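These notes concern the structure reproduced below.
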There are 2 protein chains.
Amino acid sequence: MKPSTSIQDYLKRIYELTESGSPASTNDLARELNIKPASVTGMIQKLASEKPALIEYQKHQGVTLTSAGKKAALEVIRHHRLLETWLVQTLGYSWDEVHEEAEKLEHVISEDFERRIAAALGHPLRDPHGELIPTADLKMPLDDTTPLSALRKNQSGKILSIKGADADLLRYLDELGLTPNTMIEVIDYSPFDHNLTIKVEKKTHVLGLSVTSKIFIEES
Amino acid sequence: MKPSTSIQDYLKRIYELTESGSPASTNDLARELNIKPASVTGMIQKLASEKPALIEYQKHQGVTLTSAGKKAALEVIRHHRLLETWLVQTLGYSWDEVHEEAEKLEHVISEDFERRIAAALGHPLRDPHGELIPTADLKMPLDDTTPLSALRKNQSGKILSIKGADADLLRYLDELGLTPNTMIEVIDYSPFDHNLTIKVEKKTHVLGLSVTSKIFIEES
DNA sequence: TATAAAATTTAGTCTTGCCTAAATTATTGT
DNA sequence: ACAATAATTTAGGCAAGACTAAATTTTATA
Ligand SMILES: [Mn+2]
Ligand SMILES: [Mn+2]
Ligand SMILES: [Mn+2]
Ligand SMILES: [Mn+2]
């Protein structure tokens, strides 16, 4: 059985929150999903007791995905990222507008639809934010990527992706020319506030940690 | 508030069943929606007591749409038909494949998405089955159309539309070349079984009532 | 190491939309 | 007119997925 829209959203968030390696906490999930923590506990318990279980869960210890759960999560993420790519390419959406639409469509498109848009787009590797698109057999490609916040003076590289769906941030970055495939160089670093001064296309900008932690770089 | 997916499907079916003028019965609705009659009664009572009411209802008398209900129905129908048109045009779906996909997408696309596909398609008047697409301000255009089953020997005309979503029928009609905009002529009529012999592109076919009642003609 | 604060879980409730079984109302054939 | 049949409604239940309030557990702090 295909998981419900609700469950698909839980699994997707759990995937994202556990990418770092550590389990996802009830509260983090509640925040990301805009659902009260008590309700999240309920759903977590349900997902852990499905057969096969979609998540691994021990009281108060947070959750991780089982391989069944991971597969279901990657399915949704593939839909989401293909849809975003497709909306931008064929309907002229801008990269800050697509997320909400894809968030709803991802749950209802058929596998046939997925194949058709993937083929029409030429089986793209990344979505409009530079995020990797899981393959048709539901493997997430590997990526050698560093958050911009980890770079220091004189380091440089190419922007690969922007994490997160904050439309305001995306519009801001767009104005500064900070989009995927752009080359940047770190000019300066302020140790106390973690601000980075970077150079992009002859211009310099000072960016705070809330921005630099969302931008991912391929170092050069 | 936007009606739920369930309610949207009820309103759409009620619209279709009441196009003839007579109210839609509980049983007809139950059959069309694949929902048990008892459940339909429950939903009907709910829709009739919303404020504003979406349907008009008197016990045992069937239902009709109020103007609010009709507007909501036309909204869904517009989505459905634009989506079908778009899936055929941009993703190469055939006319017998699109219905199911549109049936799910119609409930989740945004008004922005609707505007974008309408514009991208050049504001089409009809969907791939020849059905009229409600306008952006939610009026259903008028159509001077006759079911093929009402034509008799020597009458002729152009196929405007095929009613209903039966994929097998659509594939069959496709093979015979009976698609919208095709000219046909009635060669013979059998009064007992209501079979019609028609000529299409030099070929003749004998069609029963279950087929001819689904094909709508502009007489010439 | 004892509290205080924060995170998490439990318990109980609500809404939506469906179901079955039983009761009621309408229609039909004689 | 009246029984049989068909259509519809009522009554009672269930599952999903959310919520609030209260209890519990963990973690942080003094
Ligand atoms: Mn898929
Ligand atoms: Mn979603
Ligand atoms: Mn539908
Ligand atoms: Mn609309």
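By convention here, the chains of the structure tokens are called A, B, ... in the order presented, each chain's residues are numbered starting at 1, and ligands are numbered starting at 1 in the order presented.
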- All strand (DSSP E) positions in stretch 4-205 of chain A, as a PyMOL selection string: chain A and resi 55-57+63-65+146-147+156-162+183-189+196-200+203-205
Report as a short mmCIF file (atom, residue, chain, number, x, y, z; two decimals) with C-alpha atoms (C1' of nucleotides), in the first residue's frame all protein, DNA and RNA residues lying within 12 Å of stretch 4-9 of chain D, evaluated on only C-alpha atoms (C1' of nucleotides), omitting residues in the same chain fewer than 2 positions from it.
data_model
loop_
_atom_site.label_atom_id
_atom_site.label_comp_id
_atom_site.auth_asym_id
_atom_site.auth_seq_id
_atom_site.Cartn_x
_atom_site.Cartn_y
_atom_site.Cartn_z
CA SER B 25 -30.74 10.67 -6.80
CA THR B 26 -28.90 9.23 -3.84
CA ASN B 27 -28.45 5.92 -5.64
CA ASP B 28 -27.13 7.45 -8.86
CA ALA B 30 -23.61 6.35 -4.89
CA LYS B 36 -22.55 3.30 -0.37
CA PRO B 37 -25.94 5.05 -0.54
CA ALA B 38 -26.11 5.44 3.24
CA SER B 39 -22.86 7.39 3.18
CA VAL B 40 -24.10 9.54 0.33
CA THR B 41 -27.17 10.48 2.34
CA GLY B 42 -24.89 11.59 5.15
CA ILE B 44 -25.82 15.18 1.14
CA GLN B 45 -27.27 16.31 4.43
CA GLN B 58 -35.46 17.50 0.27
CA LYS B 59 -35.66 14.01 1.68
CA HIS B 60 -36.24 11.36 -0.99
CA GLN B 61 -36.33 14.01 -3.74
CA GLY B 62 -32.71 14.02 -4.90
"C1'" DA C 22 -32.02 -1.99 10.35
"C1'" DA C 23 -35.91 1.02 9.71
"C1'" DT C 24 -38.61 3.78 6.86
"C1'" DT C 25 -40.64 5.72 2.68
"C1'" DA C 26 -41.73 5.46 -2.24
"C1'" DT C 27 -42.91 2.95 -6.31
"C1'" DT C 28 -44.82 -0.76 -8.95
"C1'" DG C 29 -47.49 -4.58 -10.51
"C1'" DT C 30 -51.70 -6.91 -9.92
"C1'" DC D 2 -51.99 -3.58 -1.38
"C1'" DA D 11 -28.47 4.51 13.93
#
- Could you please tell me, as a ChimeraX atom specification, which residues of chain D have an atom within 9 Å of chain A when using only C-alpha atoms (C1' of nucleotides)? /D:17-19,25-26
- Give as a VMD selection string the residues surrounding ligand 3 up to a distance of 9 Å, considering only C-alpha atoms (C1' of nucleotides) and all ligand atoms. chain B and resid 5 to 6 8 to 10 12 76 80 100 102 to 107
Next, write the just-selected residues to a file, as a compact mmCIF listing (two decimals), in the first residue's frame, keeping all heavy atoms as the atom set.
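Final file, selection_24.txt:
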# COMPACT_ATOMS: atom_id res chain seq x y z
N THR B 5 -11.40 17.26 -0.95
CA THR B 5 -11.38 16.41 -2.15
C THR B 5 -12.69 15.64 -2.29
O THR B 5 -13.27 15.57 -3.37
CB THR B 5 -10.20 15.43 -2.05
OG1 THR B 5 -8.98 16.16 -2.14
CG2 THR B 5 -10.23 14.41 -3.19
N SER B 6 -13.15 15.08 -1.19
CA SER B 6 -14.40 14.32 -1.20
C SER B 6 -15.57 15.18 -1.68
O SER B 6 -16.32 14.79 -2.57
CB SER B 6 -14.71 13.83 0.20
OG SER B 6 -14.69 12.45 0.25
N GLN B 8 -15.48 17.97 -3.31
CA GLN B 8 -15.29 18.36 -4.72
C GLN B 8 -15.79 17.26 -5.65
O GLN B 8 -16.43 17.53 -6.67
CB GLN B 8 -13.82 18.65 -5.00
CG GLN B 8 -13.35 19.97 -4.39
CD GLN B 8 -11.89 20.28 -4.69
OE1 GLN B 8 -11.33 19.78 -5.66
NE2 GLN B 8 -11.27 21.09 -3.86
N ASP B 9 -15.51 16.00 -5.28
CA ASP B 9 -15.96 14.91 -6.15
C ASP B 9 -17.50 14.78 -6.13
O ASP B 9 -18.11 14.54 -7.16
CB ASP B 9 -15.29 13.59 -5.75
CG ASP B 9 -13.88 13.48 -6.34
OD1 ASP B 9 -13.60 14.16 -7.35
OD2 ASP B 9 -13.07 12.71 -5.79
N TYR B 10 -18.08 14.94 -4.96
CA TYR B 10 -19.55 14.93 -4.90
C TYR B 10 -20.12 16.03 -5.81
O TYR B 10 -21.02 15.78 -6.62
CB TYR B 10 -20.03 15.18 -3.47
CG TYR B 10 -20.16 13.94 -2.61
CD1 TYR B 10 -19.08 13.45 -1.89
CD2 TYR B 10 -21.37 13.26 -2.50
CE1 TYR B 10 -19.18 12.32 -1.08
CE2 TYR B 10 -21.49 12.13 -1.71
CZ TYR B 10 -20.40 11.65 -1.00
OH TYR B 10 -20.52 10.54 -0.20
N LYS B 12 -18.88 17.62 -8.32
CA LYS B 12 -18.66 17.37 -9.73
C LYS B 12 -19.67 16.36 -10.28
O LYS B 12 -20.26 16.56 -11.34
CB LYS B 12 -17.22 16.86 -9.94
CG LYS B 12 -16.80 16.85 -11.38
CD LYS B 12 -15.31 16.62 -11.52
CE LYS B 12 -14.87 15.34 -10.84
NZ LYS B 12 -13.63 14.80 -11.42
N VAL B 76 -13.77 22.70 -10.19
CA VAL B 76 -13.12 21.40 -10.29
C VAL B 76 -13.11 20.90 -11.74
O VAL B 76 -12.12 20.35 -12.22
CB VAL B 76 -13.83 20.34 -9.42
CG1 VAL B 76 -13.03 19.05 -9.40
CG2 VAL B 76 -14.01 20.86 -8.01
N HIS B 80 -10.01 19.87 -14.04
CA HIS B 80 -9.93 18.54 -14.66
C HIS B 80 -9.68 18.64 -16.16
O HIS B 80 -8.78 17.99 -16.69
CB HIS B 80 -11.23 17.78 -14.38
CG HIS B 80 -11.21 16.36 -14.86
ND1 HIS B 80 -10.90 15.31 -14.03
CD2 HIS B 80 -11.41 15.82 -16.08
CE1 HIS B 80 -10.94 14.19 -14.71
NE2 HIS B 80 -11.25 14.46 -15.97
N GLU B 100 -7.66 9.39 -15.25
CA GLU B 100 -7.33 9.00 -13.88
C GLU B 100 -6.34 9.98 -13.23
O GLU B 100 -6.49 10.37 -12.08
CB GLU B 100 -6.71 7.59 -13.92
CG GLU B 100 -6.99 6.75 -12.70
CD GLU B 100 -6.20 5.45 -12.75
OE1 GLU B 100 -5.57 5.17 -13.81
OE2 GLU B 100 -6.18 4.72 -11.76
N ALA B 102 -5.83 13.12 -14.06
CA ALA B 102 -6.49 14.41 -13.83
C ALA B 102 -7.43 14.34 -12.63
O ALA B 102 -7.61 15.33 -11.91
CB ALA B 102 -7.25 14.84 -15.08
N GLU B 103 -8.01 13.18 -12.43
CA GLU B 103 -8.96 13.00 -11.33
C GLU B 103 -8.30 13.26 -9.97
O GLU B 103 -8.95 13.71 -9.03
CB GLU B 103 -9.51 11.56 -11.39
CG GLU B 103 -10.76 11.32 -10.58
CD GLU B 103 -11.94 12.10 -11.12
OE1 GLU B 103 -12.06 12.30 -12.34
OE2 GLU B 103 -12.76 12.54 -10.29
N LYS B 104 -7.02 12.99 -9.87
CA LYS B 104 -6.32 13.25 -8.61
C LYS B 104 -5.72 14.66 -8.57
O LYS B 104 -5.78 15.34 -7.55
CB LYS B 104 -5.21 12.21 -8.41
CG LYS B 104 -5.75 10.79 -8.20
CD LYS B 104 -4.60 9.77 -8.08
CE LYS B 104 -3.77 9.71 -9.35
NZ LYS B 104 -2.57 8.86 -9.24
N LEU B 105 -5.14 15.08 -9.68
CA LEU B 105 -4.48 16.39 -9.71
C LEU B 105 -5.47 17.55 -9.53
O LEU B 105 -5.14 18.56 -8.93
CB LEU B 105 -3.73 16.57 -11.04
CG LEU B 105 -2.50 15.68 -11.25
CD1 LEU B 105 -2.03 15.76 -12.70
CD2 LEU B 105 -1.38 16.09 -10.31
N GLU B 106 -6.67 17.38 -10.07
CA GLU B 106 -7.66 18.46 -10.05
C GLU B 106 -7.90 19.05 -8.66
O GLU B 106 -8.25 20.21 -8.52
CB GLU B 106 -8.99 17.95 -10.61
CG GLU B 106 -9.62 16.86 -9.75
CD GLU B 106 -10.84 16.18 -10.40
OE1 GLU B 106 -11.14 16.49 -11.57
OE2 GLU B 106 -11.47 15.35 -9.73
N HIS B 107 -7.67 18.24 -7.63
CA HIS B 107 -7.97 18.69 -6.26
C HIS B 107 -6.82 19.44 -5.60
O HIS B 107 -7.00 20.04 -4.55
CB HIS B 107 -8.33 17.49 -5.38
CG HIS B 107 -9.43 16.65 -5.94
ND1 HIS B 107 -10.71 17.09 -6.09
CD2 HIS B 107 -9.42 15.39 -6.45
CE1 HIS B 107 -11.45 16.14 -6.65
NE2 HIS B 107 -10.69 15.09 -6.87
- Task: Pick out the residues sitting within 10 Å of B:Asp143, and hand them over as JSON, numbers by chain; count only C-alpha atoms (C1' of nucleotides), and ignore anything fewer than 3 positions along from it in its own chain.
- Result: {"B": [131, 132, 140, 146, 160, 218]}
Keeping C-alpha atoms for every residue in the selection just given, could you write it to a file as an mmCIF file, in the first residue's frame?
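Result saved to result-v5.cif:
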data_model
loop_
_atom_site.group_PDB
_atom_site.id
_atom_site.type_symbol
_atom_site.label_atom_id
_atom_site.label_comp_id
_atom_site.auth_asym_id
_atom_site.auth_seq_id
_atom_site.Cartn_x
_atom_site.Cartn_y
_atom_site.Cartn_z
ATOM 1 C CA GLU B 131 -15.816 18.494 -23.643
ATOM 2 C CA LEU B 132 -16.195 22.212 -23.046
ATOM 3 C CA MET B 140 -19.953 26.832 -18.780
ATOM 4 C CA THR B 146 -27.019 16.189 -30.240
ATOM 5 C CA LEU B 160 -17.880 17.370 -31.015
ATOM 6 C CA GLU B 218 -22.909 19.100 -34.289
#
Could you give me the residues within 8 Å of ligand 4, counting only C-alpha atoms (C1' of nucleotides) and all ligand atoms, as a PDB file with C-alpha atoms, in the first residue's frame?
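File produced: part-v7.pdb:
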ATOM      1  CA  GLU B  75     -13.976  25.086 -10.570  1.00  0.00           C
ATOM      2  CA  VAL B  76     -13.120  21.399 -10.293  1.00  0.00           C
ATOM      3  CA  ARG B  78     -12.189  23.449 -15.186  1.00  0.00           C
ATOM      4  CA  HIS B  79      -9.170  22.034 -13.404  1.00  0.00           C
ATOM      5  CA  SER B 110      -3.304  26.059  -7.170  1.00  0.00           C
ATOM      6  CA  GLU B 111      -5.152  28.807  -8.986  1.00  0.00           C
ATOM      7  CA  GLU B 114      -4.489  26.710 -13.378  1.00  0.00           C
ATOM      8  CA  ARG B 115      -3.702  30.112 -14.881  1.00  0.00           C
ATOM      9  CA  ALA B 136     -11.843  31.371 -15.972  1.00  0.00           C
TER      10      ALA B 136
END
Taking only C-alpha atoms into account, which residues of chain A are within 9 Å of chain B, as a compact mmCIF listing (two decimals) with C-alpha atoms, in the first residue's frame?
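As a result, out19.txt now contains:
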# COMPACT_ATOMS: atom_id res chain seq x y z
CA THR A 90 7.71 24.13 -18.56
CA LEU A 91 5.53 26.62 -16.73
CA GLY A 92 7.99 29.37 -15.94
CA TYR A 93 7.75 29.16 -12.19
CA GLU A 101 3.00 23.51 -5.50
CA LYS A 104 0.99 19.01 -2.83
CA LEU A 105 1.52 17.39 -6.22
CA VAL A 108 -0.82 12.38 -6.05
CA ILE A 109 1.15 11.86 -9.25
CA SER A 110 1.37 8.35 -10.69
CA PHE A 113 3.62 10.67 -14.59
CA ARG A 116 7.05 10.98 -18.26
CA ILE A 117 8.38 14.14 -16.66
CA ALA A 120 10.75 14.97 -20.84
- Using only C-alpha atoms (C1' of nucleotides), determine which residues lie at most 10 Å from D:DA30, disregarding the query and same-chain residues fewer than 5 positions distant; provide the list as a PyMOL selection string. chain C and resi 2-4
Let's have the selection written as a PDB file, in the first residue's frame, with N, CA, C and O atoms (P, O5', C5', C4', C3', O3' and C1' of nucleotides).
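Dumped everything to result14.pdb:
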ATOM      1  P    DA C   2      20.118  14.839  46.649  1.00  0.00           P
ATOM      2  O5'  DA C   2      18.995  15.964  46.495  1.00  0.00           O
ATOM      3  C5'  DA C   2      19.216  17.199  47.147  1.00  0.00           C
ATOM      4  C4'  DA C   2      18.796  18.344  46.259  1.00  0.00           C
ATOM      5  C3'  DA C   2      17.328  18.275  45.824  1.00  0.00           C
ATOM      6  O3'  DA C   2      16.809  19.573  45.978  1.00  0.00           O
ATOM      7  C1'  DA C   2      18.684  18.525  43.926  1.00  0.00           C
ATOM      8  P    DT C   3      15.298  19.674  46.593  1.00  0.00           P
ATOM      9  O5'  DT C   3      14.482  20.262  45.379  1.00  0.00           O
ATOM     10  C5'  DT C   3      15.087  20.220  44.101  1.00  0.00           C
ATOM     11  C4'  DT C   3      15.263  21.642  43.545  1.00  0.00           C
ATOM     12  C3'  DT C   3      14.052  22.109  42.780  1.00  0.00           C
ATOM     13  O3'  DT C   3      14.086  23.523  42.628  1.00  0.00           O
ATOM     14  C1'  DT C   3      15.770  21.438  41.293  1.00  0.00           C
ATOM     15  P    DA C   4      12.737  24.301  42.254  1.00  0.00           P
ATOM     16  O5'  DA C   4      13.014  24.790  40.753  1.00  0.00           O
ATOM     17  C5'  DA C   4      14.228  25.487  40.455  1.00  0.00           C
ATOM     18  C4'  DA C   4      14.435  25.511  38.951  1.00  0.00           C
ATOM     19  C3'  DA C   4      13.146  25.781  38.159  1.00  0.00           C
ATOM     20  O3'  DA C   4      13.462  26.747  37.170  1.00  0.00           O
ATOM     21  C1'  DA C   4      14.118  23.752  37.425  1.00  0.00           C
TER      22       DA C   4
END
- Message: Rounded to one decimal, what separation in Å do you get between atom CA of B:Phe192 and atom CA of B:Gly208?
- Response: 10.9 Å
- If we count only C-alpha atoms (C1' of nucleotides), which residues of chain C reach to within 10 Å of chain B? Please list them as a PyMOL selection string. chain C and resi 16-20+25-26
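Going from atom CA of B:Gln89 over to atom CA of B:Asp127, you cover 10.4 Å.
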- Item | Point-to-point distance in Å for atom CA of A:Ser156 and atom CA of A:Val200 | 10.3 Å
- DSSP says alpha helix (DSSP H) for which residues of stretch 114-183 of chain A? Put them as a list in words?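 In stretch 114-183 of chain A, DSSP puts these residues in alpha helix (DSSP H): Glu114, Arg115, Arg116, Ile117, Ala118, Ala119, Ala120, Ala167, Asp168, Leu169, Leu170, Arg171, Tyr172, Leu173, Asp174, Glu175 and Leu176 of chain A.
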Selection export as a compact mmCIF listing (two decimals), in the first residue's frame, atoms kept: all heavy atoms:
# COMPACT_ATOMS: atom_id res chain seq x y z
N GLU A 114 5.55 10.33 -13.19
CA GLU A 114 6.96 10.50 -12.80
C GLU A 114 7.89 10.15 -13.96
O GLU A 114 8.81 10.91 -14.29
CB GLU A 114 7.27 9.59 -11.60
CG GLU A 114 8.73 9.61 -11.20
CD GLU A 114 9.11 8.43 -10.30
OE1 GLU A 114 8.30 8.04 -9.45
OE2 GLU A 114 10.23 7.90 -10.47
N ARG A 115 7.64 9.00 -14.59
CA ARG A 115 8.50 8.60 -15.72
C ARG A 115 8.42 9.59 -16.87
O ARG A 115 9.42 9.92 -17.49
CB ARG A 115 8.08 7.21 -16.22
CG ARG A 115 8.62 6.07 -15.39
CD ARG A 115 8.35 4.71 -16.05
NE ARG A 115 6.94 4.38 -16.05
CZ ARG A 115 6.33 3.71 -15.07
NH1 ARG A 115 7.03 3.28 -14.02
NH2 ARG A 115 5.04 3.44 -15.12
N ARG A 116 7.21 10.07 -17.13
CA ARG A 116 7.05 10.98 -18.26
C ARG A 116 7.79 12.30 -18.05
O ARG A 116 8.43 12.81 -18.96
CB ARG A 116 5.57 11.25 -18.53
CG ARG A 116 4.86 10.08 -19.21
CD ARG A 116 3.37 10.39 -19.38
NE ARG A 116 2.62 9.20 -19.73
CZ ARG A 116 2.24 8.87 -20.97
NH1 ARG A 116 2.57 9.65 -21.98
NH2 ARG A 116 1.55 7.78 -21.19
N ILE A 117 7.67 12.87 -16.84
CA ILE A 117 8.38 14.14 -16.66
C ILE A 117 9.89 13.92 -16.59
O ILE A 117 10.66 14.71 -17.11
CB ILE A 117 7.88 14.98 -15.46
CG1 ILE A 117 8.02 14.24 -14.15
CG2 ILE A 117 6.45 15.44 -15.66
CD1 ILE A 117 7.62 15.09 -12.95
N ALA A 118 10.31 12.82 -15.99
CA ALA A 118 11.75 12.55 -15.94
C ALA A 118 12.30 12.46 -17.36
O ALA A 118 13.33 13.06 -17.68
CB ALA A 118 12.02 11.25 -15.19
N ALA A 119 11.59 11.74 -18.22
CA ALA A 119 12.04 11.60 -19.61
C ALA A 119 11.99 12.94 -20.34
O ALA A 119 12.94 13.32 -21.03
CB ALA A 119 11.18 10.57 -20.33
N ALA A 120 10.89 13.68 -20.15
CA ALA A 120 10.75 14.97 -20.84
C ALA A 120 11.86 15.94 -20.44
O ALA A 120 12.28 16.78 -21.23
CB ALA A 120 9.38 15.58 -20.54
N ALA A 167 11.25 31.01 0.80
CA ALA A 167 11.10 31.77 -0.45
C ALA A 167 11.78 33.13 -0.36
O ALA A 167 12.37 33.61 -1.33
CB ALA A 167 9.63 31.92 -0.83
N ASP A 168 11.71 33.75 0.81
CA ASP A 168 12.34 35.07 0.96
C ASP A 168 13.85 34.97 0.80
O ASP A 168 14.47 35.78 0.11
CB ASP A 168 12.01 35.66 2.34
CG ASP A 168 10.56 36.11 2.43
OD1 ASP A 168 10.00 36.51 1.38
OD2 ASP A 168 10.00 36.05 3.54
N LEU A 169 14.43 33.94 1.43
CA LEU A 169 15.87 33.74 1.28
C LEU A 169 16.23 33.50 -0.19
O LEU A 169 17.21 34.06 -0.70
CB LEU A 169 16.33 32.55 2.13
CG LEU A 169 17.80 32.14 1.94
CD1 LEU A 169 18.74 33.28 2.34
CD2 LEU A 169 18.13 30.88 2.74
N LEU A 170 15.43 32.70 -0.85
CA LEU A 170 15.73 32.39 -2.25
C LEU A 170 15.69 33.64 -3.13
O LEU A 170 16.54 33.84 -4.00
CB LEU A 170 14.76 31.33 -2.79
CG LEU A 170 14.93 29.93 -2.19
CD1 LEU A 170 13.83 29.00 -2.67
CD2 LEU A 170 16.31 29.34 -2.52
N ARG A 171 14.71 34.50 -2.89
CA ARG A 171 14.64 35.74 -3.67
C ARG A 171 15.85 36.63 -3.37
O ARG A 171 16.42 37.25 -4.27
CB ARG A 171 13.33 36.48 -3.36
CG ARG A 171 12.16 36.02 -4.24
CD ARG A 171 10.96 36.94 -4.10
NE ARG A 171 10.39 36.84 -2.76
CZ ARG A 171 9.53 35.92 -2.39
NH1 ARG A 171 9.12 35.01 -3.26
NH2 ARG A 171 9.06 35.89 -1.17
N TYR A 172 16.23 36.65 -2.11
CA TYR A 172 17.39 37.45 -1.71
C TYR A 172 18.66 36.95 -2.41
O TYR A 172 19.42 37.71 -3.00
CB TYR A 172 17.54 37.38 -0.19
CG TYR A 172 18.79 37.99 0.38
CD1 TYR A 172 19.00 39.38 0.31
CD2 TYR A 172 19.76 37.21 1.01
CE1 TYR A 172 20.15 39.94 0.84
CE2 TYR A 172 20.90 37.76 1.55
CZ TYR A 172 21.10 39.13 1.46
OH TYR A 172 22.23 39.70 1.98
N LEU A 173 18.85 35.64 -2.37
CA LEU A 173 20.04 35.06 -3.00
C LEU A 173 20.03 35.30 -4.51
O LEU A 173 21.05 35.55 -5.13
CB LEU A 173 20.12 33.56 -2.71
CG LEU A 173 20.36 33.19 -1.25
CD1 LEU A 173 20.38 31.67 -1.08
CD2 LEU A 173 21.66 33.82 -0.73
N ASP A 174 18.85 35.24 -5.08
CA ASP A 174 18.70 35.47 -6.50
C ASP A 174 19.18 36.88 -6.87
O ASP A 174 19.91 37.08 -7.84
CB ASP A 174 17.24 35.30 -6.89
CG ASP A 174 17.07 34.87 -8.33
OD1 ASP A 174 17.71 33.87 -8.72
OD2 ASP A 174 16.33 35.53 -9.07
N GLU A 175 18.80 37.85 -6.03
CA GLU A 175 19.22 39.23 -6.26
C GLU A 175 20.74 39.38 -6.20
O GLU A 175 21.34 40.14 -6.94
CB GLU A 175 18.60 40.16 -5.22
CG GLU A 175 17.20 40.61 -5.58
CD GLU A 175 16.58 41.37 -4.42
OE1 GLU A 175 17.34 42.05 -3.69
OE2 GLU A 175 15.34 41.28 -4.25
N LEU A 176 21.34 38.64 -5.28
CA LEU A 176 22.80 38.74 -5.12
C LEU A 176 23.53 37.90 -6.16
O LEU A 176 24.76 37.92 -6.22
CB LEU A 176 23.22 38.27 -3.72
CG LEU A 176 22.62 39.01 -2.52
CD1 LEU A 176 23.33 38.57 -1.24
CD2 LEU A 176 22.73 40.52 -2.68
- Query: Contacts of B:Asp193 at 12 Å or less, counting only C-alpha atoms (C1' of nucleotides), minus same-chain residues fewer than 6 places along, as a PyMOL selection string?
  - Reply: chain B and resi 149+206-210+212
- Item | Within 12 Å of B:Glu50 using only C-alpha atoms (C1' of nucleotides), minus same-chain residues under 2 positions, as an MDAnalysis selection string | chainID B and resid 1 3 7 43:48 52:57 66 68:69
